[in-house]
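K.L.:
Got a structure for you, questions after.
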Amino acid sequence: MNTHDVIAMLWELHALTVLDEGSPQSFKARAYENAVRGIEGAGVDVTGLGKSELTKIKGVGGSTADKILEYVTTGKVDKIERLRAEYPPEFVVLSKIPGVGPKTLKTLRSELGINDLDDLKDAIASERLRTVSGLGKTSEEKIAKAIERLGMHGKDRRTPIAEAMPIANRLVRDIEGIEGVERAEYCGSLRRFAETVGDIDITVAALEGEPVMEAVRTHPLAADIVAAGETKTSILSREGLQVDVRVVAPDQFGAATLYFTGSKSHNIVLRQRAIDRGMLLNEYGLFAEDQTVASRSEEEIYAALDLAYIEPPLRESSGEVEAAASGTLPDLVRREHIRGDLHYHTTRSGDGRSSLEDMVQAAVEAGYEYVAITDHGEDLAINGSSREEMLAHRDAIRDLEQRRGDIRLLFGCELNIGSDGSLDYDPEFRALFEWSVASVHSHFDLDVETQTARIIGAISKGSVNVIGHLTGRYIGRRPGIDLDVDPILEALAMTGVGLEVNGALDRLDASSTVVRRALAAGVRLVLSTDSHHTSELGRMDFAVRNAQRGWGERSDVANALPLEEFEAWAHNRS
DNA sequence: GCCGTTTTCGGCCCGACTGTTTTCAGTCG
């Protein structure tokens, strides 16, 4: 049992309490939510704490502390057991239907005796739902439709960022093209750079709302219209992804983007802070006695709340507001700090699609001082290169570097980590590489001990500069390998081997949570695009944002170092 | 259930949209 389990327990308690009290605003339910936030913010292992230490955590009082202790010692919480009996899973699942909240559920149960999805379907089929007070024919039809599509977009359906980002970019671009629109920006979890998103939120600055609403309602991506008002329209894409578009006056754009970027809990903390200062914060601005204090930009709102500006990836209510108040926010790494790309393929790799010349030209155009060419090693049968091919490749790289004279090219390799931690070639040959990424490309189903030993084995061979895409996951498609992360981070810190932050949107590997733990362990980061084509260099921005989400600073990032310092570090691998 | 620069009780973030109502409750973000 660990802190993660305790948090899961509190979330279940929260969900069951919402049902029991019939209100998401239930103060008890919100207290559990606050406790989770406090525990996450404290960043400690709560399973080893006593009651007095637990209640020192913000949001955790005596009652919640008792439940945590009960859970840690017995593995159960009496109150949860009782609530589970009252609200079994087949009933709880009904709360996932969009448009059905705890109040409706309570009424359905008490008036129609509905206890599961079949009961609800029967009630709809026999038109009994419309007889319930507060519901009518329209609600009945709406709920019927929502059930039909439940598998596609229930309330907790999450869309991988790699799927959501192109849709958001297209809509933003189209909305920006509408006459009268000054600005449009995607907000929500997408702007915070969460790896999966529940929906897409777009904020638009325009004096007239209707042209925007009209354009959204009739957009080719809109398979269905969920809500259509004067300033807010919600559509559903064919894939079931909901998009909310909200129009505000241009001088309120900052307040609106702040509000819609969230996170929800970050907003609550900011609003509380406004109240403490006798002000009101909403999506239209920060107000004091009906006077607007700030609204045009996010920066001026944070400033008016006596806070340093907080970048969107940090807005998860995990200590960032406290840090902004005390001037201890991290000096986040930015795209302009990055001086080179260190995971970079050419047509030498079987899956590479741009030539060495083109890839290097693209790197120069991106403003890089150095690049490591890291084509696949021989163990990756289809995509890899033999020793002879690698040596010829080295000559081509040296030749190009000399002819150009405008960029340092490191002769590198992406080594393949075998199931037992073995690497390509032999130690002598590997020593020829000036830079080596080592990554997992196969054997995804081994047990956690084997996988962990496998990675640590690769780290310990003395031939590796950085571990590439740590887990091998594809977000939403393939889970990563099972790893015990802490011993791996320890091994990285001890040997001075770096941890890659892979900027491919479907990877984002290591994840931001692992990045944050890695930094706490003293591991250095390497931000990479893993480009196989010249069109993929833009991924560096994603690697940067994912590192930011893990609180990565400029000084944490190896490829933010000037060339000489970088090479000194790279040669220092143990 | 938690909390305190209005401190041990009384409050707890704020607003748009919808459907069912004739002024508001529920849901959602």
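So you can find residues: chains in the structure tokens are A, B, ... in the order shown, residues in each start at 1, and ligands are numbered from 1 in order.
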For chain B against chain A, with a cut-off of 7 Å and counting only C-alpha atoms (C1' of nucleotides), what is the closest atom pair and its distance in Å to one decimal for every residue that makes the cut, ordered by chain and number, as JSON lines?
P.N.:
```
{"residue": "B:DG1", "atom": "C1'", "partner": "A:Lys28", "partner_atom": "CA", "distance": 4.9}
{"residue": "B:DC2", "atom": "C1'", "partner": "A:Gly61", "partner_atom": "CA", "distance": 6.2}
{"residue": "B:DC13", "atom": "C1'", "partner": "A:Ile268", "partner_atom": "CA", "distance": 5.6}
{"residue": "B:DC14", "atom": "C1'", "partner": "A:Asn282", "partner_atom": "CA", "distance": 6.1}
{"residue": "B:DC17", "atom": "C1'", "partner": "A:Gly229", "partner_atom": "CA", "distance": 6.8}
{"residue": "B:DT20", "atom": "C1'", "partner": "A:Gly134", "partner_atom": "CA", "distance": 6.2}
{"residue": "B:DT27", "atom": "C1'", "partner": "A:Gly99", "partner_atom": "CA", "distance": 6.1}
```
K.L.:
Contacts of stretch 458-471 of chain A at 6 Å or less, counting only C-alpha atoms (C1' of nucleotides), minus same-chain residues fewer than 6 places along, as a list of chain:residue names?
P.N.:
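With the cut-off at 6 Å, the set is A:Gly421, A:Ser436, A:Val437, A:Ala438, A:Ser439, A:Gly480, A:Ile481, A:Val497, A:Gly498, A:Leu499, A:Glu500, A:Asn502, A:Asp509, A:Ala510, A:Ser574.
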K.L.:
Store the residues of this selection in a file with N, CA and C atoms, as a tab-separated table (two decimals), in the first residue's frame.
P.N.:
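File written: part.tsv
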```tsv
chain	number	residue	atom	x	y	z
A	421	GLY	N	18.52	-6.82	-20.65
A	421	GLY	CA	19.32	-5.61	-20.43
A	421	GLY	C	20.54	-5.53	-21.33
A	436	SER	N	25.00	7.88	-27.05
A	436	SER	CA	24.14	6.71	-27.18
A	436	SER	C	22.85	6.85	-26.39
A	437	VAL	N	21.75	6.68	-27.11
A	437	VAL	CA	20.44	6.55	-26.49
A	437	VAL	C	20.18	5.06	-26.37
A	438	ALA	N	19.65	4.60	-25.26
A	438	ALA	CA	19.28	3.18	-25.15
A	438	ALA	C	17.79	3.09	-24.83
A	439	SER	N	17.06	2.30	-25.63
A	439	SER	CA	15.62	2.26	-25.47
A	439	SER	C	15.08	0.86	-25.66
A	480	GLY	N	2.74	1.29	-21.04
A	480	GLY	CA	4.19	1.14	-20.94
A	480	GLY	C	4.54	-0.14	-20.22
A	481	ILE	N	5.83	-0.51	-20.27
A	481	ILE	CA	6.27	-1.69	-19.53
A	481	ILE	C	6.15	-1.40	-18.04
A	497	VAL	N	23.67	8.93	-16.00
A	497	VAL	CA	22.96	8.71	-17.26
A	497	VAL	C	21.68	9.55	-17.23
A	498	GLY	N	21.34	10.15	-18.37
A	498	GLY	CA	20.18	11.05	-18.41
A	498	GLY	C	18.87	10.31	-18.67
A	499	LEU	N	17.78	11.02	-18.44
A	499	LEU	CA	16.44	10.49	-18.72
A	499	LEU	C	15.83	11.30	-19.86
A	500	GLU	N	15.43	10.60	-20.92
A	500	GLU	CA	14.85	11.30	-22.06
A	500	GLU	C	13.42	11.76	-21.77
A	502	ASN	N	10.72	12.36	-24.28
A	502	ASN	CA	10.46	12.17	-25.71
A	502	ASN	C	9.26	13.01	-26.11
A	509	ASP	N	7.22	10.43	-23.07
A	509	ASP	CA	7.80	9.38	-22.26
A	509	ASP	C	9.26	9.77	-22.03
A	510	ALA	N	9.72	9.99	-20.81
A	510	ALA	CA	9.06	9.77	-19.53
A	510	ALA	C	7.90	10.75	-19.33
A	574	SER	N	29.58	7.13	-16.91
A	574	SER	CA	30.36	6.18	-16.12
A	574	SER	C	30.16	4.76	-16.61
```
K.L.:
List the neighbours of stretch 407-414 of chain A out to 8 Å using only C-alpha atoms (C1' of nucleotides); skip same-chain residues closer than 5 positions along the sequence, and give me the result as a count of residues only.
P.N.:
23
K.L.:
So the first atom is atom CA of A:Ala215 and the second is atom CA of A:Val248; what is the distance between them in Å, to one decimal place?
P.N.:
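Separation between atom CA of A:Ala215 and atom CA of A:Val248: 15.6 Å.
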K.L.:
Nearest to A:Thr292 among A:Val92, A:Val36, A:Ala255, A:Ala184, with distances taken over only C-alpha atoms: which residue is it?
P.N.:
A:Ala255
K.L.:
At what distance in Å, to one decimal, does atom CA of A:Thr17 lie from atom CA of A:Glu111?
P.N.:
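Separating atom CA of A:Glu111 from atom CA of A:Thr17 is a distance of 20.4 Å.
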